[in-house]
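J.: If it helps, the file is called entry.cif and holds mmCIF, C-alpha atoms and all ligand atoms:
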data_model
loop_
_atom_site.label_atom_id
_atom_site.label_comp_id
_atom_site.auth_asym_id
_atom_site.auth_seq_id
_atom_site.Cartn_x
_atom_site.Cartn_y
_atom_site.Cartn_z
CA MET A 53 5.55 -18.48 4.52
CA THR A 54 5.75 -16.13 1.54
CA PRO A 55 9.41 -15.41 0.65
CA SER A 56 10.61 -11.86 1.29
CA HIS A 57 11.46 -11.45 -2.38
CA LYS A 58 7.94 -12.25 -3.59
CA PHE A 59 6.52 -9.05 -5.11
CA SER A 60 3.36 -8.51 -7.13
CA HIS A 61 3.35 -4.69 -7.32
CA ALA A 62 5.80 -1.80 -7.41
CA ILE A 63 5.56 1.98 -7.51
CA VAL A 64 8.07 3.75 -9.76
CA ARG A 65 8.41 7.44 -10.65
CA GLN A 66 9.59 8.76 -13.99
CA PRO A 67 12.89 10.72 -13.66
CA ALA A 68 12.51 14.51 -13.83
CA ARG A 69 14.91 16.55 -16.02
CA THR A 70 16.21 18.05 -12.77
CA VAL A 71 17.68 14.66 -11.79
CA ILE A 72 20.98 15.94 -13.16
CA ASP A 73 21.03 18.21 -10.07
CA GLY A 74 20.30 15.29 -7.73
CA LEU A 75 22.12 15.02 -4.41
CA ARG A 76 25.56 13.45 -4.71
CA GLU A 77 28.88 13.21 -2.93
CA ASN A 78 30.96 13.89 -6.02
CA LYS A 79 29.71 17.13 -7.59
CA ALA A 80 32.19 16.77 -10.45
CA GLN A 81 30.08 14.04 -12.03
CA GLN A 82 26.70 14.84 -13.54
CA PRO A 83 24.43 12.21 -15.08
CA ASP A 84 23.39 12.43 -18.72
CA PHE A 85 19.60 12.75 -18.72
CA GLN A 86 18.89 10.68 -21.85
CA ARG A 87 21.14 7.84 -20.76
CA LEU A 88 19.61 7.90 -17.28
CA LEU A 89 16.13 7.70 -18.83
CA ALA A 90 17.27 4.63 -20.75
CA GLU A 91 18.56 3.02 -17.56
CA HIS A 92 15.23 3.72 -15.85
CA ALA A 93 13.24 2.33 -18.79
CA ALA A 94 15.30 -0.89 -18.76
CA TYR A 95 14.74 -1.16 -15.01
CA LYS A 96 10.96 -0.91 -15.41
CA THR A 97 10.99 -3.56 -18.14
CA ALA A 98 13.08 -5.87 -15.95
CA LEU A 99 10.60 -5.51 -13.08
CA GLN A 100 7.70 -6.31 -15.39
CA GLN A 101 9.53 -9.31 -16.84
CA ALA A 102 10.10 -10.52 -13.28
CA GLY A 103 6.31 -10.56 -12.80
CA VAL A 104 5.64 -7.21 -11.14
CA GLN A 105 2.73 -4.91 -11.98
CA LEU A 106 3.94 -1.31 -12.09
CA ILE A 107 2.21 1.81 -10.79
CA GLU A 108 3.96 4.57 -12.72
CA LEU A 109 4.04 8.10 -11.32
CA ASP A 110 4.72 11.34 -13.20
CA PRO A 111 8.07 13.14 -12.88
CA LEU A 112 8.37 15.85 -10.23
CA ASP A 113 10.65 18.66 -11.42
CA THR A 114 10.75 20.29 -7.99
CA PHE A 115 12.34 17.19 -6.48
CA PRO A 116 15.42 16.09 -8.45
CA ASP A 117 15.77 12.85 -6.46
CA SER A 118 12.09 11.90 -6.57
CA LEU A 119 12.62 8.90 -8.89
CA PHE A 120 14.19 7.21 -5.88
CA VAL A 121 10.78 6.29 -4.48
CA GLU A 122 12.26 3.80 -2.04
CA ASP A 123 13.32 6.62 0.29
CA PRO A 124 10.08 8.49 1.20
CA ALA A 125 8.04 5.43 2.24
CA LEU A 126 7.98 1.77 3.27
CA VAL A 127 5.36 -0.63 1.97
CA PHE A 128 4.27 -4.08 3.19
CA SER A 129 1.28 -6.29 2.46
CA GLU A 130 0.07 -5.13 5.90
CA GLY A 131 0.28 -1.39 5.19
CA ALA A 132 2.44 1.60 4.30
CA ILE A 133 4.58 3.95 6.40
CA VAL A 134 5.34 7.48 5.20
CA LEU A 135 8.90 8.46 6.12
CA ARG A 136 10.65 11.83 6.48
CA SER A 137 13.97 12.20 4.68
CA GLY A 138 17.07 13.28 6.51
CA ALA A 139 17.88 15.36 3.39
CA PRO A 140 15.97 18.70 3.51
CA SER A 141 15.70 18.89 -0.30
CA ARG A 142 13.86 15.55 -0.34
CA ARG A 143 11.29 16.17 2.43
CA GLY A 144 8.44 17.12 0.05
CA GLU A 145 8.63 13.75 -1.70
CA ALA A 146 6.71 12.16 1.18
CA ASP A 147 3.68 14.46 0.67
CA ALA A 148 3.81 13.77 -3.05
CA ILE A 149 3.64 10.00 -2.64
CA THR A 150 1.11 9.86 0.23
CA PRO A 151 -2.06 10.00 -1.96
CA VAL A 152 -0.75 7.06 -4.00
CA LEU A 153 -0.15 5.06 -0.84
CA LYS A 154 -3.66 5.87 0.40
CA ASP A 155 -5.04 4.53 -2.89
CA HIS A 156 -3.29 1.18 -2.44
CA PHE A 157 -3.12 0.54 1.30
CA ASP A 158 -5.83 0.44 3.98
CA THR A 159 -3.34 1.42 6.67
CA VAL A 160 -0.94 4.36 6.24
CA GLN A 161 1.19 5.41 9.22
CA TYR A 162 3.36 8.52 9.64
CA LEU A 163 6.50 9.40 11.61
CA PRO A 164 6.25 12.13 14.27
CA GLU A 165 8.04 15.51 13.87
CA ASP A 166 11.84 15.55 14.04
CA CYS A 167 12.02 11.86 13.20
CA PHE A 168 14.07 11.21 10.06
CA VAL A 169 14.34 7.95 8.14
CA ASP A 170 15.25 7.27 4.50
CA GLY A 171 13.87 4.01 3.12
CA GLY A 172 17.33 3.20 1.77
CA ASP A 173 18.35 2.58 5.37
CA VAL A 174 15.69 -0.08 5.93
CA LEU A 175 16.31 -3.73 5.08
CA VAL A 176 13.42 -6.16 5.40
CA THR A 177 14.40 -9.73 6.30
CA PRO A 178 12.02 -12.56 7.18
CA LYS A 179 12.94 -12.45 10.86
CA GLU A 180 13.21 -8.70 11.42
CA VAL A 181 13.49 -5.31 9.82
CA LEU A 182 16.96 -3.75 10.13
CA ILE A 183 17.07 0.05 10.43
CA GLY A 184 20.50 1.52 9.74
CA LEU A 185 21.23 4.75 11.57
CA SER A 186 23.04 7.09 9.17
CA GLU A 187 23.45 10.71 8.10
CA ARG A 188 19.84 10.41 6.84
CA THR A 189 18.25 8.27 9.57
CA ASN A 190 18.44 9.54 13.14
CA GLU A 191 17.84 7.63 16.34
CA SER A 192 14.44 9.19 17.04
CA GLY A 193 13.45 8.30 13.50
CA GLY A 194 14.60 4.74 13.99
CA LEU A 195 12.72 4.41 17.28
CA ALA A 196 9.53 5.92 15.83
CA LEU A 197 9.76 3.57 12.88
CA GLN A 198 10.15 0.61 15.23
CA ALA A 199 6.85 1.61 16.88
CA CYS A 200 5.11 1.81 13.48
CA LEU A 201 6.50 -1.58 12.49
CA LYS A 202 5.37 -3.13 15.78
CA ARG A 203 1.81 -1.98 15.02
CA ILE A 204 1.81 -4.08 11.85
CA GLY A 205 3.39 -7.05 13.62
CA LYS A 206 7.03 -6.60 12.55
CA ASP A 207 10.06 -6.94 14.81
CA SER A 208 12.97 -4.63 14.09
CA ARG A 209 16.47 -3.72 15.21
CA LEU A 210 18.48 -0.49 15.07
CA VAL A 211 21.89 -1.03 13.50
CA HIS A 212 24.62 1.19 12.04
CA THR A 213 25.30 2.16 8.45
CA PRO A 214 29.08 2.12 7.85
CA PRO A 215 30.65 5.62 8.11
CA GLY A 216 30.79 7.41 4.77
CA VAL A 217 28.15 5.13 3.23
CA LEU A 218 24.94 6.90 2.14
CA HIS A 219 22.40 4.24 3.09
CA PHE A 220 22.46 0.88 4.89
CA LYS A 221 21.27 -0.79 1.69
CA SER A 222 23.97 0.89 -0.38
CA ASP A 223 26.08 -1.91 1.09
CA CYS A 224 23.74 -4.92 1.12
CA SER A 225 20.67 -6.60 -0.31
CA LEU A 226 18.66 -9.68 0.55
CA LEU A 227 19.30 -12.53 -1.91
CA SER A 228 16.82 -14.99 -0.39
CA ASP A 229 15.21 -15.61 3.00
CA THR A 230 18.51 -17.01 4.25
CA GLN A 231 21.21 -15.19 2.24
CA ILE A 232 22.46 -11.60 2.17
CA LEU A 233 24.74 -9.94 -0.38
CA SER A 234 27.03 -7.55 1.46
CA THR A 235 30.23 -5.56 1.32
CA ARG A 236 32.94 -6.84 3.60
CA ARG A 237 32.95 -3.59 5.64
CA LEU A 238 29.27 -4.06 6.55
CA ALA A 239 29.41 -7.83 7.05
CA ASP A 240 32.40 -7.42 9.38
CA SER A 241 30.21 -5.44 11.79
CA GLY A 242 28.48 -8.76 12.60
CA VAL A 243 25.05 -7.38 11.89
CA PHE A 244 23.97 -10.35 9.73
CA SER A 245 24.63 -13.12 12.23
CA HIS A 246 21.32 -14.85 11.33
CA LEU A 247 21.93 -14.83 7.56
CA GLU A 248 24.43 -16.54 5.30
CA THR A 249 26.61 -13.78 3.85
CA VAL A 250 27.75 -13.64 0.23
CA LEU A 251 30.44 -10.98 -0.11
CA VAL A 252 30.64 -8.71 -3.13
CA ASP A 253 34.09 -8.56 -4.67
CA ASP A 254 36.15 -5.90 -2.84
CA ALA A 255 36.65 -4.02 -6.12
CA GLU A 256 32.92 -4.08 -6.94
CA LEU A 257 31.28 -2.38 -3.98
CA THR A 258 28.60 -0.57 -5.98
CA CYS A 259 26.84 -3.81 -6.91
CA ALA A 260 26.02 -4.60 -3.27
CA ASN A 261 22.73 -2.80 -3.84
CA ALA A 262 21.17 -5.58 -5.93
CA LEU A 263 17.47 -6.39 -6.09
CA ARG A 264 15.90 -9.84 -5.81
CA VAL A 265 12.44 -9.84 -7.35
CA ASN A 266 10.65 -13.18 -7.54
CA ASP A 267 12.95 -15.54 -9.48
CA THR A 268 15.17 -12.78 -10.84
CA LEU A 269 18.20 -11.12 -9.27
CA LEU A 270 18.81 -7.67 -10.74
CA LEU A 271 22.49 -6.74 -10.54
CA ALA A 272 24.37 -3.64 -11.66
CA ALA A 273 26.27 -4.41 -14.87
CA GLU A 274 30.08 -4.26 -15.06
CA HIS A 275 30.69 -6.24 -11.86
CA PRO A 276 31.88 -9.53 -13.39
CA HIS A 277 33.38 -11.20 -10.32
CA THR A 278 30.28 -10.80 -8.20
CA HIS A 279 28.08 -11.73 -11.16
CA GLN A 280 30.01 -14.95 -11.63
CA LYS A 281 29.82 -15.78 -7.93
CA LEU A 282 26.05 -15.28 -7.84
CA THR A 283 25.49 -17.28 -11.01
CA ALA A 284 27.56 -20.13 -9.54
CA LEU A 285 25.26 -20.03 -6.49
CA GLY A 286 22.31 -20.64 -8.80
CA PHE A 287 20.79 -17.15 -9.04
CA ASN A 288 19.11 -16.04 -12.23
CA VAL A 289 21.11 -12.81 -12.62
CA VAL A 290 19.85 -10.06 -14.93
CA GLU A 291 22.31 -7.21 -15.44
CA LEU A 292 21.15 -3.62 -15.64
CA ALA A 293 23.18 -0.55 -16.59
CA THR A 294 23.57 1.82 -13.64
CA ARG A 295 26.37 4.18 -14.75
CA GLU A 296 24.15 7.27 -14.71
CA ILE A 297 22.15 6.60 -11.57
CA THR A 298 25.38 5.75 -9.75
CA LYS A 299 26.51 9.33 -10.44
CA VAL A 300 23.72 10.48 -8.10
CA ASP A 301 24.70 7.87 -5.51
CA ALA A 302 21.79 5.54 -6.26
CA GLY A 303 21.42 1.83 -6.89
CA LEU A 304 18.78 -0.62 -8.08
CA SER A 305 16.59 -0.89 -5.00
CA CYS A 306 16.14 2.90 -4.80
CA MET A 307 13.99 3.16 -7.93
CA SER A 308 10.97 1.17 -6.76
CA LEU A 309 8.72 0.55 -3.78
CA ARG A 310 7.73 -3.10 -3.87
CA TRP A 311 5.15 -5.21 -2.09
CA ASN A 312 3.21 -8.42 -2.41
CA ASN A 313 -0.54 -8.23 -2.65
CA PRO A 314 -1.52 -11.86 -2.09
C1 LIG B 1 20.13 10.93 -2.49
O1 LIG B 1 21.26 11.29 -2.15
O2 LIG B 1 19.18 10.94 -1.72
C2 LIG B 1 19.92 10.45 -3.91
N1 LIG B 1 20.78 11.16 -4.79
C3 LIG B 1 20.20 8.98 -4.03
C4 LIG B 1 19.20 8.16 -3.25
C5 LIG B 1 19.49 6.72 -3.31
N2 LIG B 1 18.48 6.00 -2.63
C6 LIG B 1 18.65 4.83 -2.03
O3 LIG B 1 19.76 4.33 -1.92
N3 LIG B 1 17.59 4.26 -1.47
#
Show this structure as structure tokens.
Ligand code: CIR

T.:
Amino acid sequence: MTPSHKFSHAIVRQPARTVIDGLRENKAQQPDFQRLLAEHAAYKTALQQAGVQLIELDPLDTFPDSLFVEDPALVFSEGAIVLRSGAPSRRGEADAITPVLKDHFDTVQYLPEDCFVDGGDVLVTPKEVLIGLSERTNESGGLALQACLKRIGKDSRLVHTPPGVLHFKSDCSLLSDTQILSTRRLADSGVFSHLETVLVDDAELTCANALRVNDTLLLAAEHPHTHQKLTALGFNVVELATREITKVDAGLSCMSLRWNNP
């Protein structure tokens, strides 16, 4: 079976200048546009060096958060699913990305009205897809997504995103087909009973959103304890600066939509 972290292609979107007005919990912090661009450029290079072919989309000034392409859609070798964000300011991003999905996938499914799901709440594991209910992902959205997933042969389960956490994957990421990187608060909910859990250091929560791509594990820089732990486990860790994107509550998985085209 192809490992879940095997990716041949990814969609990315260039940050718009308006990203400095992106949604965030802490309004007191605003990202620096030039430094954020540099972070994004390094991210794209790291994906390419990990063996991924990029499909690069133009910036969208009307949608400050549109570089976070993981949220408006889900993509699999079997087809794409267009989502509807629980954040009103992000709803138009789905329409903007749909033509690109139609160009690359034979099957594109859509959620019905009043169903809200952000891709950041969806974790794909070999056994099942976990859908974290959150401020952005409502129950009808989760149920509608389960029906879409079933149509392309994928089992799924509705779970809960920890209170106060933006997205389910803000707190976890798949390291391999059998291992998950997670915060303690999420792991303690028992949701990962079928996976071996590697905990991020309690003082390094923001690196829980890592990104395994082929033989490379992308990890937010400045999280030395977790980095050391993952290196000791044998992962090929590549650090990426995330100071600016973190100011708009984002992490590494958010900036690409990845799939394997065998
Ligand atoms: C938002 O609040 O929607 C953006 N500022 C951050 C989105 C991060 N996306 C993700 O975790 N998948």

J.: For Ala125 (chain A), work out the shell of residues within 6 Å, counting only C-alpha atoms and skipping chain neighbours fewer than 2 positions away, then give it as a list in words.

T.: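 Close residues of Ala125 (chain A): Asp123, Ile133, Val134 and Leu135 of chain A.
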
J.: I'd like to know which of A:Pro276, A:Arg143, A:Asn261, A:Val290 is closest to Leu175 (chain A), using all atoms listed in the file.

T.: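 Counting all atoms listed in the file, the residue closest to Leu175 (chain A) is A:Asn261.
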
J.: As AutoDock Vina command-line options, please report the centre and edge lengths, rounded to one decimal in Å, of the axis-aligned box that holds all listed atoms of ligand LIG 1 (chain B) with 6 Å of padding on each of the six sides.

T.:
--center_x 19.4 --center_y 7.8 --center_z -3.1 --size_x 15.7 --size_y 19.0 --size_z 15.3

J.: Produce as a PyMOL selection string the set of residues near ligand LIG 1 (chain B), where near means within 6 Å with all atoms listed in the file considered.

T.: chain A and resi 74-76+117+120+122-123+171-172+219+222+300-303+306

J.: Which residue gives the smallest distance to Ala139 (chain A) among A:Glu165, A:Glu187, A:Asp158, A:Asp113, with only C-alpha atoms counted?

T.: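 Looking at the shortest contact to Ala139 (chain A), the residue is A:Glu187.
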
J.: So the first atom is CA of Thr177 (chain A) and the second is CA of His57 (chain A); what is the distance between them in Å, to one decimal place?

T.: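 Atom-to-atom, CA of Thr177 (chain A) to CA of His57 (chain A), that is 9.3 Å.
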
J.: Nearest residue to Gln81 (chain A) out of A:Phe220, A:Arg69, A:Met307, A:Ile297, using only C-alpha atoms?

T.: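 Closest to Gln81 (chain A) of all the choices is A:Ile297.
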
J.: Which residues come within 9 Å of Leu292 (chain A), counting only C-alpha atoms, excluding same-chain residues fewer than 2 positions away, as number ranges by chain?

T.: A: 91, 94-95, 98, 270-274, 290, 294, 304

J.: Just write the chosen residues, C-alpha atoms, as a compact mmCIF listing (two decimals), in the coordinates of the input.

T.:
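Once everything was written out, this is again_37.txt:
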# COMPACT_ATOMS: atom_id res chain seq x y z
CA GLU A 91 18.56 3.02 -17.56
CA ALA A 94 15.30 -0.89 -18.76
CA TYR A 95 14.74 -1.16 -15.01
CA ALA A 98 13.08 -5.87 -15.95
CA LEU A 270 18.81 -7.67 -10.74
CA LEU A 271 22.49 -6.74 -10.54
CA ALA A 272 24.37 -3.64 -11.66
CA ALA A 273 26.27 -4.41 -14.87
CA GLU A 274 30.08 -4.26 -15.06
CA VAL A 290 19.85 -10.06 -14.93
CA THR A 294 23.57 1.82 -13.64
CA LEU A 304 18.78 -0.62 -8.08

J.: To one decimal place in Å, what is the distance between CA of Arg142 (chain A) and CA of Pro124 (chain A)?

T.: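 These atoms are spaced 8.2 Å apart.
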
J.: Will you model N, CA, C and O atoms for region 237-256 of chain A and pass it back as a CSV table (one decimal), in the frame of the given file?

T.:
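Resulting contents of rebuild_21.csv:
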chain,number,residue,atom,x,y,z
A,237,ARG,N,32.9,-4.6,4.5
A,237,ARG,CA,33.0,-3.6,5.6
A,237,ARG,C,31.7,-3.7,6.4
A,237,ARG,O,31.7,-3.5,7.7
A,238,LEU,N,30.5,-3.9,5.8
A,238,LEU,CA,29.3,-4.1,6.6
A,238,LEU,C,29.2,-5.4,7.2
A,238,LEU,O,28.8,-5.5,8.4
A,239,ALA,N,29.5,-6.5,6.5
A,239,ALA,CA,29.4,-7.8,7.0
A,239,ALA,C,30.3,-8.0,8.3
A,239,ALA,O,29.9,-8.6,9.3
A,240,ASP,N,31.5,-7.3,8.3
A,240,ASP,CA,32.4,-7.4,9.4
A,240,ASP,C,31.8,-6.8,10.7
A,240,ASP,O,32.3,-7.1,11.8
A,241,SER,N,30.8,-6.0,10.6
A,241,SER,CA,30.2,-5.4,11.8
A,241,SER,C,29.4,-6.5,12.5
A,241,SER,O,29.0,-6.3,13.7
A,242,GLY,N,29.2,-7.7,11.9
A,242,GLY,CA,28.5,-8.8,12.6
A,242,GLY,C,27.0,-8.6,12.6
A,242,GLY,O,26.3,-9.4,13.2
A,243,VAL,N,26.5,-7.7,11.8
A,243,VAL,CA,25.0,-7.4,11.9
A,243,VAL,C,24.2,-8.5,11.3
A,243,VAL,O,23.0,-8.6,11.6
A,244,PHE,N,24.8,-9.3,10.4
A,244,PHE,CA,24.0,-10.4,9.7
A,244,PHE,C,24.2,-11.7,10.3
A,244,PHE,O,24.2,-12.7,9.6
A,245,SER,N,24.3,-11.8,11.6
A,245,SER,CA,24.6,-13.1,12.2
A,245,SER,C,23.6,-14.2,11.9
A,245,SER,O,23.9,-15.4,11.9
A,246,HIS,N,22.4,-13.8,11.6
A,246,HIS,CA,21.3,-14.8,11.3
A,246,HIS,C,21.2,-15.2,9.8
A,246,HIS,O,20.3,-15.9,9.5
A,247,LEU,N,22.0,-14.6,9.0
A,247,LEU,CA,21.9,-14.8,7.6
A,247,LEU,C,23.3,-15.3,7.0
A,247,LEU,O,24.3,-14.9,7.5
A,248,GLU,N,23.2,-16.1,6.0
A,248,GLU,CA,24.4,-16.5,5.3
A,248,GLU,C,24.9,-15.4,4.4
A,248,GLU,O,24.1,-14.9,3.6
A,249,THR,N,26.1,-15.0,4.6
A,249,THR,CA,26.6,-13.8,3.8
A,249,THR,C,27.4,-14.2,2.6
A,249,THR,O,28.2,-15.0,2.6
A,250,VAL,N,27.0,-13.5,1.5
A,250,VAL,CA,27.8,-13.6,0.2
A,250,VAL,C,28.4,-12.3,0.0
A,250,VAL,O,27.7,-11.3,-0.1
A,251,LEU,N,29.7,-12.3,0.0
A,251,LEU,CA,30.4,-11.0,-0.1
A,251,LEU,C,30.6,-10.5,-1.6
A,251,LEU,O,30.8,-11.4,-2.5
A,252,VAL,N,30.3,-9.2,-1.8
A,252,VAL,CA,30.6,-8.7,-3.1
A,252,VAL,C,32.2,-8.6,-3.2
A,252,VAL,O,32.9,-8.5,-2.2
A,253,ASP,N,32.7,-8.7,-4.5
A,253,ASP,CA,34.1,-8.6,-4.7
A,253,ASP,C,34.5,-7.2,-4.1
A,253,ASP,O,33.8,-6.2,-4.3
A,254,ASP,N,35.7,-7.2,-3.5
A,254,ASP,CA,36.2,-5.9,-2.8
A,254,ASP,C,36.3,-4.7,-3.8
A,254,ASP,O,36.3,-3.6,-3.4
A,255,ALA,N,36.5,-5.1,-5.1
A,255,ALA,CA,36.6,-4.0,-6.1
A,255,ALA,C,35.3,-3.7,-6.8
A,255,ALA,O,35.3,-2.9,-7.7
A,256,GLU,N,34.2,-4.3,-6.3
A,256,GLU,CA,32.9,-4.1,-6.9
A,256,GLU,C,31.8,-3.7,-6.0
A,256,GLU,O,30.7,-4.1,-6.0
